[in-house]
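**Q** Mind looking over this structure? Questions follow.
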2 protein chains.
Amino acid sequence: MRKKEEAAPEKKRRGRSARDQGLSRERVVEAALALIDAKGYANFSLRDVARELGVYPTAIYWYVTSRDELLVEVITRALGDLIPGPLPAGRWRDWLKELFHRYRRAVARHPNVAPLLGSQIISNASMNPVMVEAVLRTLLSAGFKSEELIHVYNTVITAMVGFVTLEFAGHGADERDEWEDRLRVRFEELDRDEFPLLTANMTRMSNQAFIVRWKGGTNRALEQSFDRYIDVVLDGLQRQLAGDADTQKQ
Amino acid sequence: MRKKEEAAPEKKRRGRSARDQGLSRERVVEAALALIDAKGYANFSLRDVARELGVYPTAIYWYVTSRDELLVEVITRALGDLIPGPLPAGRWRDWLKELFHRYRRAVARHPNVAPLLGSQIISNASMNPVMVEAVLRTLLSAGFKSEELIHVYNTVITAMVGFVTLEFAGHGADERDEWEDRLRVRFEELDRDEFPLLTANMTRMSNQAFIVRWKGGTNRALEQSFDRYIDVVLDGLQRQLAGDADTQKQ
DNA sequence: ACCTGAACACCGTTCAAGT
DNA sequence: ACCTGAACACCGTTCAAGT
């Protein structure tokens, strides 16, 4: 064997030739994530994964039942372990803060998966009961009552996912330049009388404000905003907690 | 004319036969949104739009330069006008609350566009300078300083988009049932000792909590959570405002 | 058990041609 | 100006067949 490498599915054997000791679910997921990292989600295809691994497209289906199932697995792998270690009692704010930052760092490492987060099947699908349990524990220890637990929980998940998704789910690497130009032009054309605040704050806002920015968030520009956002949410939660205590006393 | 309806591109002339007085950009966008509403974003295709309008797929390109451009237009149409009317000075909380609710109501009317919001090209692309300007005006009138304006602005946009995207961007109508079953099974299998809080709060959380819920948010189940979330954000913003005032006095 | 190989029913988009 | 019609280079997925 290894005499007649006939290159049936156009074996390109790039890098460390992929077909070494057969496929596995892990190798398929790994290849998929690598491709999304490299070429963006918009250009992702199962057939590319197969090409990369040097097999026929249909071989993938032996390890994964559909494209969507593969994507769920990719997300799970990209996010990794998010749960902070246990913290001293009363430090629930720090625990949540750490959770949010871990999430952001994970997505920052794989910005091209962002379009899949918070939308699509994936948000529900990659649900991790261990994380849910840990968040609930933290919130109860903070003093939230179990009637309101769901709502506070939802607030926390939104806080974690919402900002970062918006931040990184710009356009794929390819389309970026094109959109940059279009947006820039649109903004330079804005009337100063009609949009006084927007034009006045242009320099400050460009590339740092959602909707207005034209670069994807692969850089650290929005980290400040993220921290401010987290503080707002945590302050809000704490106030609600204080409010509960008040109504309890009455 | 009208004698030889040869049905070239399989004219199905469903409903009020589509080809009445020629195409237009508006009719294309309208048809696209209607299709997404009816069959979900996952099943959306340009060719379907053409079929619906009784024309060849390539005819679409006369009114729209690409699939993505069409989608941007669809979003814009689905969201409609979000900006609340002017409110008495000092009522910035109410103004923002109204903005958030308008956004949620718009998405609730077209839940299938949710996967496009907050992710994809679309968040930036459908940027509306009028809205940006209005938000900035409200925030400045609330007392936020212009150095921190961007960060507060980003917080507001996240608050608006994040929750609602998560809420409605479940699975398309088709896939829903399948995922329902899988998730339900996963949860019924959870160990009570390993996940005490999760299993104890099962009844309360199912269908109401992100990640845990298996039904898409087409119903009103999460509206309560949304209102709580909004309060948290607004409380948080107000506290930051108070904090600013304090440091200014020192 | 694991993968090939052919085939099906689709896509978005380009481009020349018609009217 | 507006649309047809053919064509290109792709898709995800199914299923029988090989080893």
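Chain labels follow the order of the structure tokens: the first chain is A, the next B, and so on; residue numbering restarts at 1 in every chain, and ligands are counted from 1 in their shown order.
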Could you list, as a compact mmCIF listing (two decimals) with N, CA and C atoms (P, O5', C5', C4', C3', O3' and C1' of nucleotides), in the first residue's frame, every residue of chain D that has an atom within 9 Å of an atom of chain A, counting only C-alpha atoms (C1' of nucleotides)?
**A**
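Result file selection-v9.txt:
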```txt
# COMPACT_ATOMS: atom_id res chain seq x y z
P DC D 11 -18.43 23.95 -2.57
O5' DC D 11 -19.75 24.14 -1.71
C5' DC D 11 -20.74 23.18 -1.87
C4' DC D 11 -22.06 23.73 -1.42
C3' DC D 11 -22.77 22.70 -0.58
O3' DC D 11 -22.73 23.15 0.76
C1' DC D 11 -24.02 23.14 -2.57
P DG D 12 -22.24 22.11 1.88
O5' DG D 12 -23.60 21.33 2.16
C5' DG D 12 -24.72 22.05 2.61
C4' DG D 12 -25.92 21.13 2.62
C3' DG D 12 -25.74 19.90 3.51
O3' DG D 12 -26.96 19.66 4.19
C1' DG D 12 -26.13 19.23 1.26
P DT D 13 -27.11 18.49 5.25
O5' DT D 13 -27.53 17.26 4.34
C5' DT D 13 -28.65 17.42 3.47
C4' DT D 13 -28.88 16.15 2.69
C3' DT D 13 -28.64 14.86 3.49
O3' DT D 13 -29.86 14.16 3.55
C1' DT D 13 -27.71 14.76 1.30
```
**Q** What is the CA of Ser141 (chain A) to CA of Pro196 (chain B) distance in Å?
**A**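 Those two atoms sit 14.0 Å apart.
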**Q** Could you work out how far CA of Glu69 (chain A) lies from CA of Ala34 (chain B), giving the answer in Å with one decimal?
**A** 28.2 Å
**Q** Kindly give the distance, in Å, that separates CA of Val161 (chain B) and CA of His101 (chain A), rounded to a single decimal.
**A** 19.9 Å
**Q** Within 10 Å of Ser24 (chain B), counting only C-alpha atoms (C1' of nucleotides), which residues show up once you throw out same-chain ones fewer than 2 positions away? Write them as a PyMOL selection string, please.
**A** chain B and resi 21-22+26-30+60+62-64
**Q** Excluding DG18 (chain C) and residues on its chain fewer than 4 positions from it, collect all residues at most 12 Å away from it, counting only C-alpha atoms (C1' of nucleotides), and give them as a list in words.
**A**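 The residues that qualify are DC2, DC3, DT4 and DG5 of chain D.
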**Q** Take the residues that were just selected and, keeping C-alpha atoms (C1' of nucleotides), output them as a tab-separated table (two decimals), in the first residue's frame.
**A**
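The new file selection_14.tsv reads:
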```
chain	number	residue	atom	x	y	z
D	2	DC	C1'	-36.06	45.09	-18.59
D	3	DC	C1'	-36.19	40.28	-18.89
D	4	DT	C1'	-35.10	35.56	-20.99
D	5	DG	C1'	-32.27	31.53	-21.41
```
**Q** My list of candidates is B:Trp95, B:Phe100, B:Phe144, B:Phe163. Which is closest to chain A when distances are computed with only C-alpha atoms?
**A**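 Selected residue with least distance to chain A: B:Phe163.
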**Q** Rank nothing, just name the residue among A:Tyr229, A:Tyr103, A:Trp92, A:Phe187 nearest to chain B, using only C-alpha atoms.
**A**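 Looking at the shortest contact to chain B, the residue is A:Tyr229.
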**Q** Which residue, A:Lys145, A:Arg137, A:Arg192, A:Arg104, has the smallest gap to chain B when you use only C-alpha atoms?
**A**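 Among the listed residues, A:Arg137 lies closest to chain B.
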**Q** Would you list the contacts of DA6 (chain C) as a PyMOL selection string, taking every protein, DNA or RNA residue within 10 Å and counting only C-alpha atoms (C1' of nucleotides), but skipping same-chain residues closer than 4 positions in sequence?
**A** chain D and resi 15-17
